[in-house]
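Notes to accompany the following structure.
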Amino acid sequence: MARIDPLTFVCTLLLLLPPLTVAEAELVRSEKFPIVVSTWPFIEAVRAAWRAVDNGSSAVEAVVEGCSACEELRCDVGPGGSPNENGETMIDALVMDGVTMEVGAVAAMRFVKDGIRAANLVMKYSQHTLLAGEGASAFAISMGLPGPMNLSSPESVKKWSDWKENRCQPNFRKNVVPENDCGPYKPNNGAMTVSGDKRTESCEMGKIEYRPPLVGPHNHDTISMAVIDKMGHIAVGTSTNGATFKIPGRVGDGPIVGSSAYADDEVGGCGATGDGDTMMRFLPCYQVVESMRQGMKPEEAAKDAISRITRKFPDFVGAVVAVDKKGSHAGACHGWTFQYSVQNPDMDDVQVFTVLP
């Protein structure tokens, strides 16, 4: 009797099996999806996104529901959040569909509290990617969002008043006079300020003043969320008020695609938080997704993206969280201890993961 090769035998059996039906394929897919991943322990936001996606909503719809819940609950983002130098609260937000690669974003938006919904309206009802300032507010209101309204809260007004009493310190100005007081500010010609440890040294242009970074866990607020729905499609979204006491008009990385968030259905997604002014120079989330495309695991890709920043800015403070198309996730950070939240079919409730610098 001829001996049958085991591999040939197994392959022959597989060929004889009937192909999976669409329903069976969806069942296999749904065993690991959906999944919701978010920066920070924004538990209620993740639960809101999970309820939506678990009930059949698309990844985009679930991201909008999750980030919107965070805005409504004022979990460090949305109305009543971080004031700028003038004491005003403004909103930056972004949403990206990893299937179509469409993006909607708003920046420096005033008078409208629903940042992530406004960003989604930009994606759905315009051919643009990003609207800013008064135009973003007018568009959002014209598309049905409530407004105009005052986005400040008693807490944000109190925070701003205390800052003014402290002679507007700390702030994001550099190379200006007065140095340690409120404005109006003028250029301080002949001096250059560089962030870092507090010290001075001489150079041809004068004195270089090193100052510690101003972004930290207590003066920065961002939710960045990724969702993979039951069909395996991915979307990401971000909502933020930006850095506390920022210069009016400043736009950070929140509404910048590839910096605060990025998604590609073929690969996975990423969310970021931290010093947006620095991160947007490196597009860390685009880097994470492209690294995963080249074969890196989420942890490797996240660490690589952070290391690219810290090689140039060793005092950088920030973090990224990555999730691949299979649902594997990991984070990386520098300058602080980072936490991110996850819910998937294997979990009874949201779980928080801690990442050390």
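Ordering of the structure tokens sets the chain letters (A, B, ...), residue numbers begin anew at 1 in every chain, and ligands are numbered from 1 in the order given.
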Picked from segment 263-353 of chain A by DSSP as strand (DSSP E), as JSON, numbers by chain: {"A": [263, 264, 268, 269, 270, 271, 272, 273, 274, 318, 319, 320, 321, 322, 323, 324, 329, 330, 331, 332, 333, 334, 338, 339, 340, 341, 342, 343, 351, 352, 353]}
Using only C-alpha atoms, which residues sit within 10 Å of Gly295 of chain A once same-chain residues fewer than 6 positions away are excluded, as a compact mmCIF listing (two decimals) with N, CA and C atoms, in the first residue's frame?
# COMPACT_ATOMS: atom_id res chain seq x y z
N VAL A 267 -4.27 48.00 6.94
CA VAL A 267 -3.17 47.89 7.91
C VAL A 267 -3.66 47.98 9.36
N VAL A 289 1.32 53.60 11.17
CA VAL A 289 0.59 52.77 10.22
C VAL A 289 1.50 52.29 9.10
N ALA A 301 6.07 49.40 16.14
CA ALA A 301 5.74 50.58 15.36
C ALA A 301 5.54 51.80 16.25
Who sits within 12 Å of Pro178 of chain A, only C-alpha atoms, same chain under 5 positions skipped, as a list in words: Arg167, Cys168, Gln169, Asn171, Arg173, Gly183, Pro184, Tyr185, Lys186, Pro187 and Asn188 of chain A
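Among the candidates A:Gly81, A:Pro357, A:Gly249, A:Gly115, the residue lying nearest to Gly147 of chain A is A:Gly115 (atoms considered: only C-alpha atoms).
When only C-alpha atoms are used to compute distances to Ala226 of chain A, the closest of the residues A:Cys270, A:Leu131, A:Val355, A:Met90 turns out to be A:Cys270.
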Could you find all residues in segment 51-262 of chain A that DSSP calls alpha helix (DSSP H) from the backbone, and write them as an mmCIF file with C-alpha atoms, in the first residue's frame?
data_model
loop_
_atom_site.group_PDB
_atom_site.id
_atom_site.type_symbol
_atom_site.label_atom_id
_atom_site.label_comp_id
_atom_site.auth_asym_id
_atom_site.auth_seq_id
_atom_site.Cartn_x
_atom_site.Cartn_y
_atom_site.Cartn_z
ATOM 1 C CA ARG A 51 -22.451 50.101 22.469
ATOM 2 C CA ALA A 52 -22.708 51.669 19.042
ATOM 3 C CA VAL A 53 -20.384 49.306 17.201
ATOM 4 C CA ASP A 54 -21.602 46.204 19.035
ATOM 5 C CA ALA A 59 -16.561 52.203 12.645
ATOM 6 C CA VAL A 60 -17.026 55.867 11.700
ATOM 7 C CA GLU A 61 -20.369 56.090 13.501
ATOM 8 C CA ALA A 62 -18.924 54.453 16.611
ATOM 9 C CA VAL A 63 -15.914 56.801 16.694
ATOM 10 C CA VAL A 64 -18.266 59.783 16.488
ATOM 11 C CA GLU A 65 -20.428 58.401 19.315
ATOM 12 C CA GLY A 66 -17.412 57.683 21.525
ATOM 13 C CA CYS A 67 -15.676 61.019 21.108
ATOM 14 C CA SER A 68 -19.001 62.844 21.374
ATOM 15 C CA ALA A 69 -19.679 61.149 24.713
ATOM 16 C CA CYS A 70 -16.328 62.433 25.950
ATOM 17 C CA GLU A 71 -17.194 65.969 24.822
ATOM 18 C CA GLU A 72 -20.625 65.839 26.478
ATOM 19 C CA LEU A 73 -19.220 64.446 29.730
ATOM 20 C CA GLY A 115 -16.343 69.001 17.705
ATOM 21 C CA ILE A 116 -16.340 65.420 16.436
ATOM 22 C CA ARG A 117 -19.817 65.750 14.915
ATOM 23 C CA ALA A 118 -18.709 68.928 13.135
ATOM 24 C CA ALA A 119 -15.673 67.088 11.752
ATOM 25 C CA ASN A 120 -17.940 64.283 10.543
ATOM 26 C CA LEU A 121 -20.190 66.817 8.797
ATOM 27 C CA VAL A 122 -17.165 68.217 6.972
ATOM 28 C CA MET A 123 -16.397 64.709 5.710
ATOM 29 C CA LYS A 124 -20.010 63.921 4.754
ATOM 30 C CA TYR A 125 -21.160 67.213 3.244
ATOM 31 C CA GLY A 133 -12.106 79.281 12.676
ATOM 32 C CA GLU A 134 -15.324 81.178 12.037
ATOM 33 C CA GLY A 135 -15.866 79.270 8.793
ATOM 34 C CA ALA A 136 -15.862 75.943 10.614
ATOM 35 C CA SER A 137 -18.397 77.254 13.134
ATOM 36 C CA ALA A 138 -20.687 78.664 10.430
ATOM 37 C CA PHE A 139 -20.561 75.432 8.437
ATOM 38 C CA ALA A 140 -21.351 73.271 11.475
ATOM 39 C CA ILE A 141 -24.323 75.445 12.446
ATOM 40 C CA SER A 142 -25.605 75.522 8.864
ATOM 41 C CA PRO A 154 -16.953 78.471 35.479
ATOM 42 C CA GLU A 155 -14.000 76.097 35.856
ATOM 43 C CA SER A 156 -12.244 77.293 32.712
ATOM 44 C CA VAL A 157 -12.849 80.947 33.610
ATOM 45 C CA LYS A 158 -11.438 80.346 37.106
ATOM 46 C CA LYS A 159 -8.383 78.603 35.647
ATOM 47 C CA TRP A 160 -7.769 81.529 33.307
ATOM 48 C CA SER A 161 -8.264 84.135 36.080
ATOM 49 C CA ASP A 162 -5.755 82.372 38.317
ATOM 50 C CA TRP A 163 -3.285 82.263 35.424
ATOM 51 C CA LYS A 164 -3.670 85.997 34.816
ATOM 52 C CA GLU A 165 -3.061 86.681 38.506
#
Of the listed residues A:Val350, A:Met101, A:Met149, A:Val288, that which approaches Ala45 of chain A most closely, counting only C-alpha atoms: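 When distances to Ala45 of chain A are compared using only C-alpha atoms, the smallest one comes from A:Val350.
Picture a line from atom CA of Lys297 of chain A to atom CA of Val99 of chain A; it runs 20.9 Å.
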May I have the residues within 6 Å of Ile35 of chain A as a compact mmCIF listing (two decimals) with N, CA and C atoms, in the first residue's frame, using only C-alpha atoms and disregarding those fewer than 5 positions away in the same chain?
# COMPACT_ATOMS: atom_id res chain seq x y z
N VAL A 227 -11.60 52.54 16.11
CA VAL A 227 -12.64 51.51 16.19
C VAL A 227 -12.54 50.60 14.97
N ILE A 228 -12.57 49.30 15.20
CA ILE A 228 -12.74 48.33 14.13
C ILE A 228 -14.12 47.71 14.31
N GLN A 343 -11.78 47.90 24.61
CA GLN A 343 -12.85 46.92 24.80
C GLN A 343 -12.99 46.10 23.53
N ASN A 344 -13.06 44.77 23.71
CA ASN A 344 -13.25 43.85 22.59
C ASN A 344 -14.14 42.69 23.06
Exercise: Asp97 of chain A partners within 8 Å, only C-alpha atoms, chain neighbours under 4 positions left out, as a list in words: Ala59, Val60, Met101, Glu102, Val103, Ile234, Ala235, Val236, Ala263 and Asp264 of chain A
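A straight line drawn from atom CA of Gly331 of chain A to atom CA of Gly237 of chain A is 16.8 Å long.
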Pick from A:Thr310, A:Asp324, A:Met280, A:Thr222, whichever lies nearest to Glu266 of chain A using only C-alpha atoms: A:Asp324
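The closest residue to Val77 of chain A, picked from A:Cys285, A:Ile91, A:Ala49, A:Met296 and counting only C-alpha atoms, is A:Ile91.
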Nearest to Arg281 of chain A by atom-to-atom distance, counting only C-alpha atoms, from A:Ile223, A:Ala302, A:Ala107, A:Ile256: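 Nearest candidate to Arg281 of chain A out of A:Ile223, A:Ala302, A:Ala107, A:Ile256: A:Ile256.
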Exercise: Gly271 of chain A partners within 7 Å, only C-alpha atoms, chain neighbours under 4 positions left out, as a PyMOL selection string: chain A and resi 39+224-226+260-262+285+320-322
Could you please take those selected residues and save all heavy atoms as a tab-separated table (two decimals), in the first residue's frame?
chain	number	residue	atom	x	y	z
A	39	THR	N	-7.09	56.69	23.70
A	39	THR	CA	-6.11	57.26	24.62
A	39	THR	C	-6.77	57.53	25.97
A	39	THR	O	-7.96	57.86	26.04
A	39	THR	CB	-5.56	58.59	24.07
A	39	THR	OG1	-6.66	59.48	23.79
A	39	THR	CG2	-4.75	58.38	22.80
A	224	SER	N	-8.18	60.43	21.50
A	224	SER	CA	-7.94	59.90	20.16
A	224	SER	C	-8.38	58.45	20.19
A	224	SER	O	-7.90	57.67	21.02
A	224	SER	CB	-6.47	60.02	19.78
A	224	SER	OG	-6.28	59.72	18.42
A	225	MET	N	-9.30	58.09	19.30
A	225	MET	CA	-9.96	56.78	19.37
A	225	MET	C	-9.90	56.07	18.02
A	225	MET	O	-10.01	56.69	16.97
A	225	MET	CB	-11.43	56.98	19.78
A	225	MET	CG	-12.26	55.71	19.82
A	225	MET	SD	-13.98	56.02	20.34
A	225	MET	CE	-13.73	56.30	22.11
A	226	ALA	N	-9.71	54.76	18.09
A	226	ALA	CA	-9.77	53.91	16.90
A	226	ALA	C	-10.83	52.83	17.14
A	226	ALA	O	-10.91	52.27	18.24
A	226	ALA	CB	-8.42	53.26	16.62
A	260	SER	N	-2.42	63.36	14.86
A	260	SER	CA	-3.21	62.91	16.01
A	260	SER	C	-3.84	61.55	15.78
A	260	SER	O	-4.13	60.83	16.73
A	260	SER	CB	-4.31	63.92	16.31
A	260	SER	OG	-5.29	63.91	15.29
A	261	ALA	N	-4.07	61.20	14.52
A	261	ALA	CA	-4.72	59.92	14.21
A	261	ALA	C	-4.52	59.59	12.74
A	261	ALA	O	-4.33	60.48	11.91
A	261	ALA	CB	-6.21	59.98	14.55
A	262	TYR	N	-4.62	58.29	12.44
A	262	TYR	CA	-4.52	57.84	11.05
A	262	TYR	C	-5.06	56.42	10.98
A	262	TYR	O	-4.92	55.64	11.93
A	262	TYR	CB	-3.08	57.88	10.55
A	262	TYR	CG	-2.95	57.78	9.04
A	262	TYR	CD1	-3.25	58.88	8.23
A	262	TYR	CD2	-2.55	56.60	8.42
A	262	TYR	CE1	-3.14	58.80	6.86
A	262	TYR	CE2	-2.43	56.52	7.04
A	262	TYR	CZ	-2.73	57.62	6.26
A	262	TYR	OH	-2.63	57.54	4.90
A	285	CYS	N	1.39	59.18	13.76
A	285	CYS	CA	0.39	58.13	13.48
A	285	CYS	C	0.50	57.63	12.05
A	285	CYS	O	0.31	56.44	11.79
A	285	CYS	CB	-1.01	58.64	13.78
A	285	CYS	SG	-1.43	58.46	15.55
A	320	VAL	N	1.64	57.43	21.75
A	320	VAL	CA	0.80	56.91	20.66
A	320	VAL	C	0.28	55.55	21.07
A	320	VAL	O	0.89	54.84	21.87
A	320	VAL	CB	1.58	56.79	19.33
A	320	VAL	CG1	2.04	58.14	18.83
A	320	VAL	CG2	2.76	55.83	19.46
A	321	VAL	N	-0.88	55.19	20.51
A	321	VAL	CA	-1.43	53.85	20.69
A	321	VAL	C	-1.74	53.32	19.30
A	321	VAL	O	-2.28	54.04	18.45
A	321	VAL	CB	-2.67	53.85	21.59
A	321	VAL	CG1	-3.78	54.74	21.05
A	321	VAL	CG2	-3.17	52.43	21.82
A	322	ALA	N	-1.37	52.08	19.04
A	322	ALA	CA	-1.51	51.47	17.72
A	322	ALA	C	-2.39	50.24	17.81
A	322	ALA	O	-2.36	49.50	18.80
A	322	ALA	CB	-0.14	51.10	17.16
